[in-house]
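Dumped coords24.txt below, it's compact mmCIF, C-alpha atoms:
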```txt
# COMPACT_ATOMS: atom_id res chain seq x y z
CA MET N 1 -72.80 30.16 30.15
CA TYR N 2 -73.62 26.56 31.00
CA LEU N 3 -72.64 25.10 34.39
CA PHE N 4 -72.92 21.42 35.28
CA ALA N 5 -72.97 20.35 38.95
CA LEU N 6 -72.77 16.94 40.59
CA SER N 7 -72.91 15.63 44.15
CA THR N 8 -72.08 12.08 45.21
CA ALA N 9 -71.29 13.03 48.80
CA GLU N 10 -73.96 10.73 50.19
CA GLN N 11 -75.74 7.55 49.16
CA GLY N 12 -77.84 9.45 46.65
CA ALA N 13 -76.56 11.42 43.67
CA SER N 14 -77.72 14.88 42.60
CA MET N 15 -77.11 16.55 39.25
CA ALA N 16 -78.00 19.97 37.83
CA LEU N 17 -77.48 21.98 34.65
CA PHE N 18 -77.64 25.79 34.65
CA GLU N 19 -77.80 28.21 31.75
CA ASP N 20 -76.52 31.50 33.11
CA ASN N 21 -78.38 31.84 36.45
CA HIS N 22 -81.30 29.66 35.41
CA LEU N 23 -81.78 26.02 36.36
CA VAL N 24 -82.67 24.07 33.22
CA PHE N 25 -82.29 20.49 34.50
CA GLU N 26 -82.15 18.79 37.89
CA SER N 27 -82.13 15.10 38.73
CA SER N 28 -81.66 13.01 41.87
CA LEU N 29 -81.03 9.30 42.21
CA PHE N 30 -81.31 7.31 45.43
CA SER N 31 -80.07 3.77 44.99
CA ARG N 32 -78.10 1.14 46.87
CA GLN N 33 -76.02 0.59 43.72
CA THR N 34 -72.65 2.28 43.50
CA HIS N 35 -72.62 5.78 42.06
CA SER N 36 -70.52 4.65 39.12
CA LYS N 37 -73.40 2.58 37.73
CA GLY N 38 -75.93 5.40 37.60
CA LEU N 39 -73.93 8.53 36.85
CA LEU N 40 -73.34 8.18 33.12
CA PRO N 41 -77.05 7.67 32.27
CA MET N 42 -77.87 10.68 34.45
CA ILE N 43 -75.28 12.82 32.65
CA GLU N 44 -76.64 11.73 29.26
CA GLN N 45 -80.13 12.68 30.42
CA ALA N 46 -78.96 16.08 31.67
CA VAL N 47 -77.13 16.95 28.46
CA GLY N 48 -79.99 15.60 26.33
CA SER N 49 -82.49 17.83 28.13
CA ARG N 50 -81.51 20.77 25.88
CA ASP N 51 -81.91 20.63 22.12
CA GLY N 52 -78.54 20.65 20.41
CA MET N 53 -76.71 20.43 23.74
CA THR N 54 -73.41 18.56 24.01
CA VAL N 55 -70.87 18.20 26.79
CA ASN N 56 -68.54 20.44 24.76
CA ARG N 57 -70.94 23.37 25.28
CA ILE N 58 -70.64 23.20 29.08
CA ASP N 59 -68.46 26.09 30.28
CA GLY N 60 -67.65 24.81 33.76
CA PHE N 61 -68.10 21.84 36.08
CA ILE N 62 -68.83 21.80 39.82
CA ALA N 63 -68.63 18.91 42.27
CA ALA N 64 -69.38 18.50 45.96
CA ARG N 65 -65.90 18.35 47.51
CA GLY N 66 -66.97 16.97 50.89
CA PRO N 67 -67.39 16.20 53.63
CA GLY N 68 -69.25 12.98 53.00
CA SER N 69 -68.75 9.40 51.92
CA PHE N 70 -65.09 8.80 51.07
CA THR N 71 -65.92 6.46 48.18
CA GLY N 72 -68.78 8.60 46.90
CA LEU N 73 -66.70 11.76 46.89
CA ARG N 74 -63.86 10.10 45.02
CA ILE N 75 -66.25 8.84 42.33
CA GLY N 76 -67.96 12.19 41.84
CA ILE N 77 -64.79 14.26 41.87
CA SER N 78 -63.08 11.88 39.45
CA MET N 79 -66.10 12.02 37.13
CA VAL N 80 -66.18 15.82 37.09
CA LYS N 81 -62.41 16.13 36.63
CA GLY N 82 -62.56 13.64 33.78
CA LEU N 83 -65.34 15.55 32.02
CA SER N 84 -63.60 18.89 32.46
CA ARG N 85 -60.33 17.60 31.06
CA ALA N 86 -62.05 15.87 28.15
CA VAL N 87 -63.54 19.16 26.94
CA SER N 88 -60.80 21.46 28.32
CA LYS N 89 -63.14 23.41 30.60
CA PRO N 90 -62.53 24.40 34.26
CA CYS N 91 -63.85 22.50 37.26
CA ALA N 92 -64.34 23.51 40.87
CA GLY N 93 -65.40 22.15 44.26
CA VAL N 94 -68.04 23.47 46.67
CA SER N 95 -68.67 22.29 50.22
CA SER N 96 -71.22 19.51 50.61
CA LEU N 97 -72.57 21.39 53.63
CA ASP N 98 -73.27 24.39 51.38
CA GLY N 99 -75.18 22.02 49.12
CA ILE N 100 -77.60 21.45 51.98
CA ALA N 101 -77.63 24.88 53.65
CA PHE N 102 -78.36 26.88 50.51
CA ARG N 103 -81.62 24.96 50.07
CA PHE N 104 -82.75 27.03 53.05
CA CYS N 105 -81.17 30.38 52.16
CA TYR N 106 -84.43 32.24 52.84
CA SER N 107 -84.64 30.96 56.39
CA GLN N 108 -84.86 33.74 58.98
CA LYS N 109 -83.39 31.39 61.57
CA PRO N 110 -79.77 30.24 61.78
CA VAL N 111 -79.36 27.08 59.71
CA CYS N 112 -77.42 24.24 61.33
CA VAL N 113 -76.38 21.55 58.87
CA MET N 114 -75.84 18.14 60.47
CA MET N 115 -74.73 15.37 58.12
CA ASP N 116 -74.61 11.96 59.77
CA ALA N 117 -70.93 10.98 59.94
CA LYS N 118 -71.62 7.72 61.85
CA ARG N 119 -69.64 6.84 65.00
CA LYS N 120 -71.97 9.17 66.96
CA GLU N 121 -70.58 12.22 65.12
CA VAL N 122 -71.82 14.71 62.54
CA TYR N 123 -70.32 16.95 59.89
CA SER N 124 -71.66 20.37 60.75
CA ALA N 125 -71.57 24.09 60.03
CA VAL N 126 -73.88 26.94 61.04
CA TYR N 127 -75.15 29.47 58.47
CA GLN N 128 -76.92 32.80 58.79
CA PHE N 129 -78.83 34.10 55.76
CA HIS N 130 -80.69 37.33 55.06
CA HIS N 131 -83.11 37.51 52.15
CA GLY N 132 -81.33 34.66 50.38
CA LYS N 133 -77.81 36.02 50.90
CA LEU N 134 -75.19 34.39 53.10
CA ILE N 135 -74.30 36.70 55.99
CA GLN N 136 -72.11 34.39 58.03
CA LYS N 137 -70.85 30.80 57.98
CA GLY N 138 -69.21 29.09 60.93
CA PRO N 139 -66.33 26.64 60.62
CA GLU N 140 -66.93 23.20 59.18
CA MET N 141 -66.49 20.63 61.91
CA LEU N 142 -66.56 16.93 62.67
CA CYS N 143 -68.10 16.88 66.12
CA SER N 144 -70.61 15.29 68.45
CA PRO N 145 -74.27 16.12 67.81
CA GLU N 146 -74.37 17.78 71.22
CA THR N 147 -71.59 20.19 70.19
CA ALA N 148 -73.37 21.05 66.94
CA ILE N 149 -76.63 21.71 68.75
CA ASP N 150 -75.14 23.78 71.56
CA ARG N 151 -73.06 26.03 69.32
CA THR N 152 -76.13 26.79 67.19
CA GLY N 153 -78.57 27.68 69.93
CA PRO N 154 -82.23 26.82 70.45
CA ASN N 155 -83.94 29.14 67.95
CA ALA N 156 -82.57 27.54 64.79
CA LEU N 157 -83.40 25.36 61.81
CA PHE N 158 -81.66 21.97 61.84
CA VAL N 159 -81.20 20.24 58.49
CA GLY N 160 -79.39 17.25 57.01
CA SER N 161 -79.40 13.51 57.69
CA GLY N 162 -77.90 13.98 61.16
CA SER N 163 -80.86 16.13 62.21
CA LYS N 164 -83.07 13.06 61.83
CA VAL N 165 -80.68 10.60 63.48
CA TYR N 166 -80.33 12.93 66.47
CA ARG N 167 -83.82 14.46 66.45
CA ASP N 168 -84.43 13.52 70.09
CA LYS N 169 -81.20 15.20 71.18
CA ILE N 170 -82.11 18.36 69.26
CA CYS N 171 -85.55 18.50 70.82
CA SER N 172 -84.19 17.82 74.30
CA ARG N 173 -81.30 20.29 74.24
CA THR N 174 -83.36 23.08 72.64
CA HIS N 175 -86.44 22.42 74.79
CA ASP N 176 -88.49 21.79 71.62
CA THR N 177 -87.91 25.33 70.27
CA ALA N 178 -85.85 24.25 67.25
CA VAL N 179 -87.29 23.57 63.81
CA ILE N 180 -86.23 20.38 61.99
CA SER N 181 -86.46 20.12 58.20
CA THR N 182 -88.39 17.42 56.36
CA PRO N 183 -86.34 14.34 55.31
CA SER N 184 -86.87 15.08 51.60
CA MET N 185 -84.70 18.22 51.96
CA ASP N 186 -81.79 16.57 53.78
CA GLY N 187 -79.60 15.61 50.82
CA VAL N 188 -76.79 17.55 49.16
CA SER N 189 -78.37 19.36 46.20
CA ALA N 190 -76.37 19.98 43.02
CA CYS N 191 -78.58 23.01 42.43
CA ALA N 192 -77.68 24.42 45.85
CA LEU N 193 -73.97 23.90 45.09
CA VAL N 194 -74.33 26.27 42.14
CA VAL N 195 -76.38 28.76 44.16
CA SER N 196 -73.62 28.77 46.79
CA ALA N 197 -70.90 29.28 44.18
CA MET N 198 -72.83 32.08 42.48
CA SER N 199 -73.79 33.83 45.71
CA ASP N 200 -70.81 36.21 45.68
CA ASN N 201 -72.27 38.98 43.50
CA GLY N 202 -73.37 36.32 41.05
CA VAL N 203 -69.84 35.78 39.80
CA PHE N 204 -68.28 32.33 39.98
CA ASP N 205 -64.49 32.38 40.08
CA PHE N 206 -63.29 28.84 39.37
CA ASP N 207 -59.78 29.65 40.64
CA SER N 208 -61.21 30.34 44.11
CA TYR N 209 -62.82 26.90 44.39
CA PRO N 210 -60.16 24.19 43.91
CA LEU N 211 -61.58 20.72 43.40
CA ASN N 212 -59.78 18.90 46.18
CA PRO N 213 -61.63 16.49 48.49
CA VAL N 214 -62.31 17.68 52.03
CA TYR N 215 -63.03 14.72 54.30
CA LEU N 216 -62.72 16.34 57.79
CA ARG N 217 -62.14 12.83 59.15
CA LYS N 218 -59.17 10.58 58.55
CA SER N 219 -59.85 7.38 56.64
CA ASP N 220 -59.86 4.04 58.46
CA ALA N 221 -56.61 3.17 56.67
CA GLN N 222 -54.96 6.37 57.96
CA ILE N 223 -56.19 5.76 61.50
CA HIS N 224 -54.94 2.17 61.41
CA PHE N 225 -51.56 3.25 60.01
CA ASN N 226 -51.15 5.92 62.71
CA ARG N 227 -51.91 3.38 65.43
CA LEU N 228 -49.34 0.98 64.04
CA SER N 229 -46.75 3.75 63.87
CA GLN N 230 -47.40 4.78 67.47
CA ASN N 231 -47.08 1.18 68.67
CA LYS N 232 -43.65 0.68 67.08
```
Using C-alpha cells, write down the structure that the file contains.
Amino acid sequence: MYLFALSTAEQGASMALFEDNHLVFESSLFSRQTHSKGLLPMIEQAVGSRDGMTVNRIDGFIAARGPGSFTGLRIGISMVKGLSRAVSKPCAGVSSLDGIAFRFCYSQKPVCVMMDAKRKEVYSAVYQFHHGKLIQKGPEMLCSPETAIDRTGPNALFVGSGSKVYRDKICSRTHDTAVISTPSMDGVSACALVVSAMSDNGVFDFDSYPLNPVYLRKSDAQIHFNRLSQNK
C-alpha cells in the first residue's frame, strides 16, 4: 500500500511517500514563495522517485489538518483533497502537532510541542511516549507560552518553533532543567504524520481521521465580524 503525506501548516512544506510501513521518499521545502508555487514540482518528484509509479497507484492521502497557518493549511488540504478525488482514493487529516511530536517518539521525557502562533501565544500539546509508542497525549491548546511550560513541567523536551521564540521563558520557568530541540527538527514532518496515523497497531483507518481543518484560533475576519456584531 502506498501512502502520500503533505504538510503546509507552516512556512515550509514537507512531503513523504510510504510503501507499506517503509519511507521511500521524503522532501522538504523552505521558501518565502507561496506553497502553491512549489507543491506540484515536489509531488512530481515524489511520484517519480519510484520506477513505474503514478499518482493512480497511491492508495491513500494524508494532510496536516492544523493548527498552523490559515492560508498554508487551506492550500495543502485543498491539494490533497483534489488528488484523492482525481484518483478516487481516500484522504485523511492528522494533527500538525503530531507531525512534530512523533519526530521525538523515542524520547524518555515528556514532549511539549510549542508552535509559534504569534500574538504571544503558542499552539501546544504534551505527549508521553514509551519505546516509540504514544502512551498519552494532552489536549491541543492555543495558550500563552507560560501555560504550555507550566503544564508540562521542568523535566521535559520542548520542541517546535515556539520553543525557540520562547527559549528564555522555558529556561527561566524550568530552572534550566528542560531540554530544547535543535531548530532543524522544529517543523511539521510529513513522515511523522504517517507514523502518527500508523501508530495504532500499525493500522490506518481513514474513516477515523476526517480531513477538516483545525485552526484552534478564530480568523481575523471572524474576530472582526464578532466585534461588529457585539457593537450593534
Need the neighbours of (-68.5, 15.1, 44.9): which residues are at most 12 Å away, counting only C-alpha atoms, as a VMD selection string?
chain N and resid 5 to 15 35 39 61 to 81 91 to 97 99 188 to 190 193 211 to 215
N:Arg167, N:Leu142, N:Val113, N:Val87: which is nearest Thr54 (chain N), counting only C-alpha atoms?
N:Val87
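Across the structure, CA of Glu26 (chain N) and CA of Leu157 (chain N) are spaced 24.8 Å apart.
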With distances taken over only C-alpha atoms, which of N:Phe129, N:Ala117, N:Phe25, N:Cys112 is nearest to Lys218 (chain N)?
N:Ala117
In Å, rounded to a single decimal, give me how far CA of Tyr127 (chain N) is from CA of Tyr106 (chain N).
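So the answer is 11.2 Å.
Ranking N:Lys109, N:His131, N:Lys89, N:Lys118 by their shortest atom-to-atom distance to Val179 (chain N), with all atoms listed in the file included, puts N:Lys109 first.
Proximity to Asp176 (chain N) was assessed for N:Val195, N:Asn155, N:Gln136, N:Cys105 counting all atoms listed in the file; the smallest distance is recorded for N:Asn155.
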In Å, rounded to a single decimal, give me how far CA of Val24 (chain N) is from CA of Gln128 (chain N).
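Interatomic distance here is 27.6 Å.
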Taking only C-alpha atoms into account, which of N:Asn56, N:Gln108, N:Ser172, N:Ser196 comes nearest Pro90 (chain N)?
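With only C-alpha atoms as the atom set, the closest residue is N:Asn56.
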Tell me which protein, DNA and RNA residues are within 9 Å of Gly162 (chain N), counting all atoms listed in the file, leaving out same-chain ones fewer than 2 positions away, and put them as a list in words.
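With the cut-off at 9 Å, the set is Val113, Met114, Met115, Asp116, Ala117, Lys118, Glu121, Val122, Tyr123, Ser124, Pro145, Phe158, Val159, Gly160, Lys164, Val165, Tyr166, Arg167 and Asp186 of chain N.
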Compute the distance from (-89.3, 22.4, 48.0) to each atom, counting all atoms listed in the file, keep the residues with any atom at most 10 Å away, and return them as a ChimeraX atom specification; use the coordinates of the file.
/N:103-104,182,184-185
File of the preceding selection, C-alpha atoms, as a JSON list (two decimals), keeping the file's coordinate frame:
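Printed below is out_29.json as written:
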```json
[["chain", "number", "residue", "atom", "x", "y", "z"],
["N", 103, "ARG", "CA", -81.62, 24.96, 50.07],
["N", 104, "PHE", "CA", -82.75, 27.03, 53.05],
["N", 182, "THR", "CA", -88.39, 17.42, 56.36],
["N", 184, "SER", "CA", -86.87, 15.08, 51.60],
["N", 185, "MET", "CA", -84.70, 18.22, 51.96]]
```
